[in-house]
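Asker: Contents are PDB, C-alpha atoms; file name query-v5.pdb:
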ATOM      1  CA  MET A  29      68.887 -59.949-214.180
ATOM      2  CA  GLU A  30      66.441 -57.032-214.137
ATOM      3  CA  ALA A  31      63.526 -59.416-213.634
ATOM      4  CA  LEU A  32      65.396 -60.924-210.693
ATOM      5  CA  ARG A  33      65.899 -57.509-209.120
ATOM      6  CA  LYS A  34      62.229 -56.644-209.599
ATOM      7  CA  ASN A  35      61.334 -59.744-207.638
ATOM      8  CA  ILE A  36      63.664 -58.664-204.842
ATOM      9  CA  LEU A  37      61.827 -55.368-204.691
ATOM     10  CA  GLY A  38      58.498 -57.127-204.370
ATOM     11  CA  GLU A  39      57.323 -57.249-207.980
ATOM     12  CA  GLY A  40      56.506 -60.827-208.861
ATOM     13  CA  MET A  41      57.029 -64.119-207.107
ATOM     14  CA  GLY A  42      60.756 -64.791-206.842
ATOM     15  CA  THR A  43      63.014 -67.350-205.173
ATOM     16  CA  PRO A  44      63.273 -68.113-201.424
ATOM     17  CA  ILE A  45      66.209 -65.694-201.148
ATOM     18  CA  GLU A  46      64.099 -62.976-202.740
ATOM     19  CA  TRP A  47      61.213 -63.735-200.397
ATOM     20  CA  LEU A  48      63.626 -63.346-197.492
ATOM     21  CA  ALA A  49      65.170 -60.124-198.829
ATOM     22  CA  LYS A  50      61.976 -58.082-198.579
ATOM     23  CA  PRO A  51      61.239 -58.657-194.840
ATOM     24  CA  VAL A  52      64.950 -58.188-194.088
ATOM     25  CA  SER A  53      64.890 -54.814-195.840
ATOM     26  CA  ILE A  54      61.847 -53.794-193.792
ATOM     27  CA  ALA A  55      63.549 -54.958-190.590
ATOM     28  CA  ILE A  56      66.678 -52.936-191.414
ATOM     29  CA  VAL A  57      64.624 -49.798-192.043
ATOM     30  CA  LEU A  58      62.707 -50.230-188.778
ATOM     31  CA  PHE A  59      65.927 -50.886-186.842
ATOM     32  CA  ALA A  60      67.642 -47.828-188.366
ATOM     33  CA  ARG A  61      64.671 -45.653-187.482
ATOM     34  CA  ALA A  62      64.496 -47.027-183.932
ATOM     35  CA  ILE A  63      68.201 -46.499-183.218
ATOM     36  CA  THR A  64      68.594 -43.096-184.861
ATOM     37  CA  ALA A  65      65.071 -41.580-184.767
ATOM     38  CA  VAL A  66      66.123 -40.386-188.213
ATOM     39  CA  ARG A  67      64.144 -37.584-189.791
ATOM     40  CA  ALA A  68      64.300 -36.100-193.259
ATOM     41  CA  ILE A  69      64.619 -32.381-193.920
ATOM     42  CA  TRP A  70      63.413 -31.502-197.411
ATOM     43  CA  PRO A  71      64.233 -28.378-199.459
ATOM     44  CA  GLU A  72      61.705 -25.608-200.004
ATOM     45  CA  SER A  73      60.739 -27.115-203.349
ATOM     46  CA  GLY A  74      59.769 -30.343-201.568
ATOM     47  CA  MET A  75      60.714 -33.952-202.106
ATOM     48  CA  ASN A  76      62.272 -34.788-205.464
ATOM     49  CA  THR A  77      60.201 -37.615-206.926
ATOM     50  CA  ARG A  78      62.025 -37.885-210.251
ATOM     51  CA  ARG A  79      64.802 -40.312-211.094
ATOM     52  CA  CYS A  80      67.932 -38.757-209.643
ATOM     53  CA  ILE A  81      71.395 -39.197-208.155
ATOM     54  CA  TYR A  82      71.586 -38.557-204.411
ATOM     55  CA  PHE A  83      75.171 -37.603-203.535
ATOM     56  CA  ALA A  84      76.049 -37.533-199.852
ATOM     57  CA  ASN A  85      78.809 -37.211-197.272
ATOM     58  CA  HIS A  86      80.260 -40.512-196.101
ATOM     59  CA  SER A  87      81.334 -41.382-192.553
ATOM     60  CA  SER A  88      79.817 -44.829-191.958
ATOM     61  CA  HIS A  89      78.914 -48.046-193.771
ATOM     62  CA  GLY A  90      75.323 -47.303-192.726
ATOM     63  CA  ASP A  91      75.044 -43.947-194.507
ATOM     64  CA  PHE A  92      73.009 -45.143-197.455
ATOM     65  CA  ILE A  93      70.655 -47.007-195.108
ATOM     66  CA  LEU A  94      69.537 -43.722-193.533
ATOM     67  CA  ILE A  95      68.851 -42.143-196.924
ATOM     68  CA  TRP A  96      67.004 -45.294-197.928
ATOM     69  CA  ALA A  97      65.055 -45.322-194.646
ATOM     70  CA  VAL A  98      63.647 -41.787-194.937
ATOM     71  CA  LEU A  99      62.455 -42.174-198.516
ATOM     72  CA  PRO A 100      58.826 -43.224-199.014
ATOM     73  CA  PRO A 101      58.435 -46.833-200.223
ATOM     74  CA  ARG A 102      57.459 -45.814-203.763
ATOM     75  CA  LEU A 103      60.845 -44.077-204.149
ATOM     76  CA  ARG A 104      62.864 -46.508-202.033
ATOM     77  CA  ARG A 105      61.931 -49.407-204.320
ATOM     78  CA  ARG A 106      63.836 -47.865-207.209
ATOM     79  CA  VAL A 107      66.841 -46.424-205.350
ATOM     80  CA  ARG A 108      70.141 -48.299-205.579
ATOM     81  CA  PRO A 109      73.234 -47.454-203.522
ATOM     82  CA  VAL A 110      76.597 -47.428-205.269
ATOM     83  CA  ALA A 111      79.041 -49.351-203.084
ATOM     84  CA  GLY A 112      82.413 -51.081-203.065
ATOM     85  CA  ALA A 113      82.303 -54.684-204.270
ATOM     86  CA  ASP A 114      85.251 -55.599-202.043
ATOM     87  CA  TYR A 115      83.212 -54.848-198.899
ATOM     88  CA  TRP A 116      79.799 -56.134-199.954
ATOM     89  CA  LEU A 117      81.049 -59.368-201.504
ATOM     90  CA  LYS A 118      83.512 -60.360-198.781
ATOM     91  CA  SER A 119      81.070 -62.783-197.125
ATOM     92  CA  SER A 120      77.805 -64.550-197.883
ATOM     93  CA  LEU A 121      75.936 -62.328-195.422
ATOM     94  CA  ASN A 122      77.393 -59.118-196.861
ATOM     95  CA  SER A 123      76.585 -60.319-200.368
ATOM     96  CA  PHE A 124      72.981 -61.100-199.410
ATOM     97  CA  ILE A 125      72.551 -57.647-197.814
ATOM     98  CA  GLY A 126      74.301 -55.748-200.600
ATOM     99  CA  ARG A 127      72.977 -57.585-203.630
ATOM    100  CA  ASP A 128      69.648 -59.053-202.613
ATOM    101  CA  VAL A 129      68.358 -56.632-199.985
ATOM    102  CA  PHE A 130      69.669 -53.295-201.275
ATOM    103  CA  ASN A 131      70.201 -54.190-204.935
ATOM    104  CA  ALA A 132      73.440 -52.194-204.803
ATOM    105  CA  VAL A 133      75.455 -51.228-207.859
ATOM    106  CA  LEU A 134      78.694 -52.900-206.817
ATOM    107  CA  ILE A 135      81.847 -51.186-208.064
ATOM    108  CA  GLU A 136      85.227 -52.892-208.145
ATOM    109  CA  ARG A 137      87.559 -50.340-206.546
ATOM    110  CA  ASP A 138      90.734 -52.126-207.660
ATOM    111  CA  ARG A 139      91.287 -50.706-211.157
ATOM    112  CA  GLU A 140      93.373 -53.686-212.269
ATOM    113  CA  ALA A 141      90.681 -56.168-211.241
ATOM    114  CA  ARG A 142      87.818 -54.339-212.967
ATOM    115  CA  LYS A 143      85.829 -56.087-215.661
ATOM    116  CA  GLU A 144      83.288 -53.267-216.044
ATOM    117  CA  ASP A 145      83.615 -49.504-216.235
ATOM    118  CA  PRO A 146      82.018 -47.949-213.106
ATOM    119  CA  VAL A 147      80.404 -45.076-215.018
ATOM    120  CA  THR A 148      78.901 -47.554-217.471
ATOM    121  CA  GLN A 149      77.518 -49.598-214.563
ATOM    122  CA  MET A 150      75.904 -46.505-213.050
ATOM    123  CA  THR A 151      74.498 -45.121-216.291
ATOM    124  CA  GLN A 152      72.990 -48.530-217.055
ATOM    125  CA  ALA A 153      71.234 -48.486-213.680
ATOM    126  CA  LEU A 154      69.915 -44.990-214.392
ATOM    127  CA  ASP A 155      68.771 -46.010-217.872
ATOM    128  CA  ASP A 156      66.939 -48.967-216.333
ATOM    129  CA  GLY A 157      64.876 -46.463-214.307
ATOM    130  CA  SER A 158      66.721 -46.520-210.978
ATOM    131  CA  SER A 159      67.895 -43.623-208.853
ATOM    132  CA  LEU A 160      71.340 -43.874-207.252
ATOM    133  CA  ILE A 161      72.919 -43.074-203.889
ATOM    134  CA  LEU A 162      76.537 -42.036-204.439
ATOM    135  CA  PHE A 163      79.332 -41.009-202.068
ATOM    136  CA  PRO A 164      81.708 -38.787-204.079
ATOM    137  CA  GLU A 165      84.387 -38.773-201.372
ATOM    138  CA  GLY A 166      85.053 -42.344-202.433
ATOM    139  CA  THR A 167      85.698 -43.714-198.960
ATOM    140  CA  ARG A 168      84.512 -43.078-195.417
ATOM    141  CA  ASN A 169      85.643 -39.755-193.968
ATOM    142  CA  LEU A 170      87.395 -40.559-190.687
ATOM    143  CA  THR A 171      89.202 -37.203-190.522
ATOM    144  CA  GLU A 172      88.344 -34.002-188.666
ATOM    145  CA  VAL A 173      87.414 -32.112-191.842
ATOM    146  CA  PRO A 174      83.674 -32.114-192.633
ATOM    147  CA  LEU A 175      84.128 -33.234-196.226
ATOM    148  CA  GLN A 176      86.985 -34.764-198.191
ATOM    149  CA  PRO A 177      87.661 -33.686-201.807
ATOM    150  CA  PHE A 178      85.347 -35.363-204.299
ATOM    151  CA  LYS A 179      86.614 -38.015-206.666
ATOM    152  CA  SER A 180      85.920 -37.535-210.365
ATOM    153  CA  GLY A 181      83.146 -40.153-210.634
ATOM    154  CA  LEU A 182      80.295 -37.714-209.993
ATOM    155  CA  PHE A 183      81.607 -35.432-212.731
ATOM    156  CA  HIS A 184      81.854 -38.208-215.319
ATOM    157  CA  LEU A 185      78.399 -39.502-214.392
ATOM    158  CA  ALA A 186      76.909 -36.001-214.657
ATOM    159  CA  GLN A 187      78.571 -35.589-218.045
ATOM    160  CA  ALA A 188      77.179 -38.908-219.241
ATOM    161  CA  ARG A 189      73.622 -38.091-218.109
ATOM    162  CA  PRO A 190      73.376 -34.270-217.868
ATOM    163  CA  ASP A 191      69.568 -34.351-217.656
ATOM    164  CA  ILE A 192      69.543 -36.326-214.378
ATOM    165  CA  ASP A 193      68.902 -34.349-211.182
ATOM    166  CA  LEU A 194      71.852 -34.349-208.780
ATOM    167  CA  VAL A 195      70.502 -34.038-205.237
ATOM    168  CA  PRO A 196      72.942 -33.186-202.396
ATOM    169  CA  VAL A 197      72.203 -35.000-199.115
ATOM    170  CA  TRP A 198      73.863 -34.286-195.770
ATOM    171  CA  ILE A 199      73.769 -37.103-193.198
ATOM    172  CA  ASP A 200      74.336 -35.843-189.662
ATOM    173  CA  ASN A 201      75.285 -37.760-186.481
ATOM    174  CA  LEU A 202      75.534 -41.305-187.889
ATOM    175  CA  ASN A 203      79.289 -41.446-187.242
ATOM    176  CA  ARG A 204      78.462 -40.884-183.560
ATOM    177  CA  VAL A 205      75.780 -43.587-183.549
ATOM    178  CA  MET A 206      78.321 -46.131-184.834
ATOM    179  CA  PRO A 207      81.813 -44.897-183.862
ATOM    180  CA  LYS A 208      84.735 -46.605-185.566
ATOM    181  CA  GLY A 209      85.561 -49.918-183.870
ATOM    182  CA  GLU A 210      82.233 -50.193-182.027
ATOM    183  CA  PHE A 211      79.692 -52.955-182.687
ATOM    184  CA  VAL A 212      76.792 -51.761-180.515
ATOM    185  CA  PRO A 213      74.962 -48.659-181.830
ATOM    186  CA  ILE A 214      74.563 -45.672-179.506
ATOM    187  CA  PRO A 215      70.989 -44.303-179.815
ATOM    188  CA  LEU A 216      71.186 -40.748-181.132
ATOM    189  CA  ILE A 217      68.961 -38.582-183.299
ATOM    190  CA  CYS A 218      70.143 -38.347-186.919
ATOM    191  CA  THR A 219      69.010 -36.055-189.689
ATOM    192  CA  VAL A 220      69.126 -36.472-193.452
ATOM    193  CA  THR A 221      68.968 -33.077-195.159
ATOM    194  CA  PHE A 222      68.151 -32.927-198.869
ATOM    195  CA  GLY A 223      69.147 -29.914-200.959
ATOM    196  CA  GLU A 224      67.911 -28.481-204.223
ATOM    197  CA  ALA A 225      68.856 -30.455-207.322
ATOM    198  CA  LEU A 226      71.691 -29.231-209.497
ATOM    199  CA  HIS A 227      72.960 -30.105-212.976
ATOM    200  CA  ILE A 228      76.271 -29.916-214.727
ATOM    201  CA  GLY A 229      76.663 -26.823-216.867
ATOM    202  CA  GLU A 230      77.337 -27.017-220.567
ATOM    203  CA  ALA A 231      81.117 -27.171-221.026
ATOM    204  CA  GLU A 232      81.610 -26.853-217.237
ATOM    205  CA  GLU A 233      85.118 -27.934-216.258
ATOM    206  CA  LYS A 234      85.635 -30.818-213.824
ATOM    207  CA  ALA A 235      87.260 -28.707-211.100
ATOM    208  CA  ASP A 236      84.506 -26.080-211.263
ATOM    209  CA  PHE A 237      81.721 -28.647-211.194
ATOM    210  CA  LEU A 238      83.176 -30.616-208.294
ATOM    211  CA  ALA A 239      83.799 -27.424-206.307
ATOM    212  CA  ARG A 240      80.169 -26.399-206.874
ATOM    213  CA  ALA A 241      78.884 -29.831-205.862
ATOM    214  CA  GLU A 242      81.051 -29.833-202.723
ATOM    215  CA  ALA A 243      79.778 -26.358-201.799
ATOM    216  CA  ALA A 244      76.150 -27.426-202.311
ATOM    217  CA  LEU A 245      76.668 -30.379-199.981
ATOM    218  CA  LEU A 246      78.580 -28.433-197.312
ATOM    219  CA  ALA A 247      75.840 -25.795-197.298
ATOM    220  CA  LEU A 248      73.492 -28.444-195.852
ATOM    221  CA  ALA A 249      75.746 -29.280-192.905
ATOM    222  CA  PRO A 250      74.312 -28.073-189.567
ATOM    223  CA  LYS A 251      76.178 -25.197-187.958
ATOM    224  CA  ARG A 252      77.731 -26.059-184.619
ATOM    225  CA  ALA A 253      79.157 -23.976-181.800
ATOM    226  CA  GLY A 254      82.474 -22.519-182.889
ATOM    227  CA  ASP A 255      81.732 -22.765-186.611
TER     228      ASP A 255
END
Could you spell out this file's structure in structure tokens?
Answerer:
Amino acid sequence: MEALRKNILGEGMGTPIEWLAKPVSIAIVLFARAITAVRAIWPESGMNTRRCIYFANHSSHGDFILIWAVLPPRLRRRVRPVAGADYWLKSSLNSFIGRDVFNAVLIERDREARKEDPVTQMTQALDDGSSLILFPEGTRNLTEVPLQPFKSGLFHLAQARPDIDLVPVWIDNLNRVMPKGEFVPIPLICTVTFGEALHIGEAEEKADFLARAEAALLALAPKRAGD
């Protein structure tokens, strides 16, 4: 399986589907950049080039694409989004995009239907040398609040791999590029703001860690009139 994924990322020959996946991934990146004019804002320490977990706010199915699009190719090749299997396996096209183009770690959100533990899936991907894109809110935020409470997955993953950098990432404006129910993107400038990496503290309680992670992410959100 790992050899197959390496082919998808351009290492080796591969099957016709794998040959198709690479130009499709390039086309998606170029399209995302053209529609959003997305730009990355890096922390004072600069771009994190180590294996890490990017955790971000979630308002659109295209969120991970913007993070993916602003990363340089050498990092992008080893970054895998964590996504819901129910969405990305619901059709042949979705499956091709999710599995073959983005090499997503697909999580079964229905607990009763699960055959694999999600934390085990994610730690295996990290141990294989990948970085991850994770959305701790668990589902798209379609409310008026800037950030929904985090689910426990980020905490359990941080506990399992406490040495891995946890990088907060705030995605701004994408929900206005693709409003709910619309199929034609509205061109609008988006930003992807990366924060300083954090780590779970020794013996840090779940509630304290998640509150700290939420605060680190909210601190990256742009201030607007009235805030």
Asker: Using only C-alpha atoms, which of the listed residues (A:Ile217, A:Ile199, A:Ala111, A:Leu99) sits closest to Arg137 in chain A?
Answerer: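 Answer, going by the shortest atom-to-atom distance: A:Ala111.
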Asker: Given the PyMOL selection byres ((chain A and resi 250) around 10) and the file above, list the residues it selects as a PyMOL selection string.
Answerer: chain A and resi 198-200+219+221+246-249+251-252+255
Asker: Which residues, named as in the file, does the PyMOL selection byres ((chain A and resi 53) around 12) pick out? Answer as a count of residues only.
Answerer: 31
Asker: To one decimal in Å, tell me the separation between CA of Ile45 in chain A and CA of Val133 in chain A.
Answerer: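 We find that CA of Ile45 in chain A and CA of Val133 in chain A lie 18.4 Å from each other.
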Asker: If the PyMOL selection byres ((chain A and resi 163) around 8) were run on this exact file, what residues would it hold? Put them as number ranges by chain.
Answerer: A: 83-86, 110, 161-162, 164-167
Asker: Have a look at A:Arg102, A:Arg189, A:Lys179, A:Arg61 and name the one nearest to Glu230 in chain A; count all atoms listed in the file.
Answerer: A:Arg189
Asker: Need the shell around Gly157 in chain A: protein/DNA/RNA residues with any atom at most 12 Å away, counting only C-alpha atoms. Skip same-chain ones fewer than 3 positions apart. Format as a list in words?
Answerer: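 Final neighbour list, sorted by chain and number: Glu30, Lys34, Arg78, Arg79, Cys80, Ile81, Leu103, Arg105, Arg106, Val107, Arg108, Met150, Thr151, Gln152, Ala153, Leu154, Leu160 and Ile192 of chain A.
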Asker: From the set A:Ile135, A:Ala65, A:Cys218, A:Ala243, which residue has the shortest atom-to-atom contact distance to Asn201 in chain A, counting all atoms listed in the file?
Answerer: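 Closest to Asn201 in chain A of all the choices is A:Cys218.
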Asker: Which one of A:His89, A:Gln187, A:Asp145, A:Ile95 sits closest to Asn122 in chain A if you count all atoms listed in the file?
Answerer: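 So, comparing all the options, the nearest one is A:His89.
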Asker: What separation in Å, quoted to one decimal, exists between CA of Asp91 in chain A and CA of Ile69 in chain A?
Answerer: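 Result for CA of Asp91 in chain A versus CA of Ile69 in chain A: 15.6 Å, one decimal.
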Asker: May I ask which of the residues A:Leu182, A:Ala244, A:Leu238, A:Leu194 is the closest one to Leu226 in chain A, counting only C-alpha atoms?
Answerer: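 Checking each of A:Leu182, A:Ala244, A:Leu238, A:Leu194 against Leu226 in chain A, counting only C-alpha atoms, the winner is A:Leu194.
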Asker: Anything within 10 Å of (80.0, -30.5, -211.7): list those residues as a short mmCIF file (atom, residue, chain, number, x, y, z; two decimals) with C-alpha atoms, in the frame of the given file, counting only C-alpha atoms and sticking to the file's coordinates.
Answerer:
data_model
loop_
_atom_site.label_atom_id
_atom_site.label_comp_id
_atom_site.auth_asym_id
_atom_site.auth_seq_id
_atom_site.Cartn_x
_atom_site.Cartn_y
_atom_site.Cartn_z
CA SER A 180 85.92 -37.53 -210.36
CA LEU A 182 80.30 -37.71 -209.99
CA PHE A 183 81.61 -35.43 -212.73
CA HIS A 184 81.85 -38.21 -215.32
CA LEU A 185 78.40 -39.50 -214.39
CA ALA A 186 76.91 -36.00 -214.66
CA GLN A 187 78.57 -35.59 -218.04
CA PRO A 190 73.38 -34.27 -217.87
CA LEU A 194 71.85 -34.35 -208.78
CA LEU A 226 71.69 -29.23 -209.50
CA HIS A 227 72.96 -30.10 -212.98
CA ILE A 228 76.27 -29.92 -214.73
CA GLY A 229 76.66 -26.82 -216.87
CA GLU A 230 77.34 -27.02 -220.57
CA ALA A 231 81.12 -27.17 -221.03
CA GLU A 232 81.61 -26.85 -217.24
CA GLU A 233 85.12 -27.93 -216.26
CA LYS A 234 85.64 -30.82 -213.82
CA ALA A 235 87.26 -28.71 -211.10
CA ASP A 236 84.51 -26.08 -211.26
CA PHE A 237 81.72 -28.65 -211.19
CA LEU A 238 83.18 -30.62 -208.29
CA ALA A 239 83.80 -27.42 -206.31
CA ARG A 240 80.17 -26.40 -206.87
CA ALA A 241 78.88 -29.83 -205.86
CA GLU A 242 81.05 -29.83 -202.72
#
Asker: How about completing range 130-146 of chain A with N, CA and C atoms and giving it to me as a PDB file, in the coordinates of the input?
Answerer:
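Below is the file that was written, selection_36.pdb:
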ATOM      1  N   PHE A 130      69.568 -54.687-200.825  1.00  0.00           N
ATOM      2  CA  PHE A 130      69.669 -53.295-201.275  1.00  0.00           C
ATOM      3  C   PHE A 130      69.825 -53.140-202.778  1.00  0.00           C
ATOM      4  N   ASN A 131      70.044 -54.254-203.479  1.00  0.00           N
ATOM      5  CA  ASN A 131      70.201 -54.190-204.935  1.00  0.00           C
ATOM      6  C   ASN A 131      71.270 -53.166-205.321  1.00  0.00           C
ATOM      7  N   ALA A 132      72.389 -53.186-204.598  1.00  0.00           N
ATOM      8  CA  ALA A 132      73.440 -52.194-204.803  1.00  0.00           C
ATOM      9  C   ALA A 132      74.111 -52.346-206.159  1.00  0.00           C
ATOM     10  N   VAL A 133      74.572 -51.220-206.703  1.00  0.00           N
ATOM     11  CA  VAL A 133      75.455 -51.228-207.859  1.00  0.00           C
ATOM     12  C   VAL A 133      76.860 -51.397-207.298  1.00  0.00           C
ATOM     13  N   LEU A 134      77.427 -52.573-207.464  1.00  0.00           N
ATOM     14  CA  LEU A 134      78.694 -52.900-206.817  1.00  0.00           C
ATOM     15  C   LEU A 134      79.859 -52.581-207.753  1.00  0.00           C
ATOM     16  N   ILE A 135      80.726 -51.677-207.280  1.00  0.00           N
ATOM     17  CA  ILE A 135      81.847 -51.186-208.064  1.00  0.00           C
ATOM     18  C   ILE A 135      83.143 -51.828-207.569  1.00  0.00           C
ATOM     19  N   GLU A 136      83.911 -52.358-208.488  1.00  0.00           N
ATOM     20  CA  GLU A 136      85.227 -52.892-208.145  1.00  0.00           C
ATOM     21  C   GLU A 136      86.197 -51.717-208.001  1.00  0.00           C
ATOM     22  N   ARG A 137      86.702 -51.500-206.783  1.00  0.00           N
ATOM     23  CA  ARG A 137      87.559 -50.340-206.546  1.00  0.00           C
ATOM     24  C   ARG A 137      89.006 -50.561-206.988  1.00  0.00           C
ATOM     25  N   ASP A 138      89.399 -51.818-207.162  1.00  0.00           N
ATOM     26  CA  ASP A 138      90.734 -52.126-207.660  1.00  0.00           C
ATOM     27  C   ASP A 138      90.708 -52.010-209.184  1.00  0.00           C
ATOM     28  N   ARG A 139      91.338 -50.970-209.717  1.00  0.00           N
ATOM     29  CA  ARG A 139      91.287 -50.706-211.157  1.00  0.00           C
ATOM     30  C   ARG A 139      91.769 -51.906-211.984  1.00  0.00           C
ATOM     31  N   GLU A 140      92.802 -52.584-211.493  1.00  0.00           N
ATOM     32  CA  GLU A 140      93.373 -53.686-212.269  1.00  0.00           C
ATOM     33  C   GLU A 140      92.465 -54.900-212.297  1.00  0.00           C
ATOM     34  N   ALA A 141      91.572 -55.003-211.310  1.00  0.00           N
ATOM     35  CA  ALA A 141      90.681 -56.168-211.241  1.00  0.00           C
ATOM     36  C   ALA A 141      89.333 -55.907-211.924  1.00  0.00           C
ATOM     37  N   ARG A 142      89.116 -54.695-212.388  1.00  0.00           N
ATOM     38  CA  ARG A 142      87.818 -54.339-212.967  1.00  0.00           C
ATOM     39  C   ARG A 142      87.550 -55.058-214.280  1.00  0.00           C
ATOM     40  N   LYS A 143      86.295 -55.526-214.404  1.00  0.00           N
ATOM     41  CA  LYS A 143      85.829 -56.087-215.661  1.00  0.00           C
ATOM     42  C   LYS A 143      84.788 -55.180-216.312  1.00  0.00           C
ATOM     43  N   GLU A 144      84.279 -54.210-215.536  1.00  0.00           N
ATOM     44  CA  GLU A 144      83.288 -53.267-216.044  1.00  0.00           C
ATOM     45  C   GLU A 144      83.694 -51.850-215.672  1.00  0.00           C
ATOM     46  N   ASP A 145      83.366 -50.913-216.527  1.00  0.00           N
ATOM     47  CA  ASP A 145      83.615 -49.504-216.235  1.00  0.00           C
ATOM     48  C   ASP A 145      82.576 -49.003-215.236  1.00  0.00           C
ATOM     49  N   PRO A 146      82.983 -48.389-214.111  1.00  0.00           N
ATOM     50  CA  PRO A 146      82.018 -47.949-213.106  1.00  0.00           C
ATOM     51  C   PRO A 146      80.963 -46.974-213.633  1.00  0.00           C
TER      52      PRO A 146
END
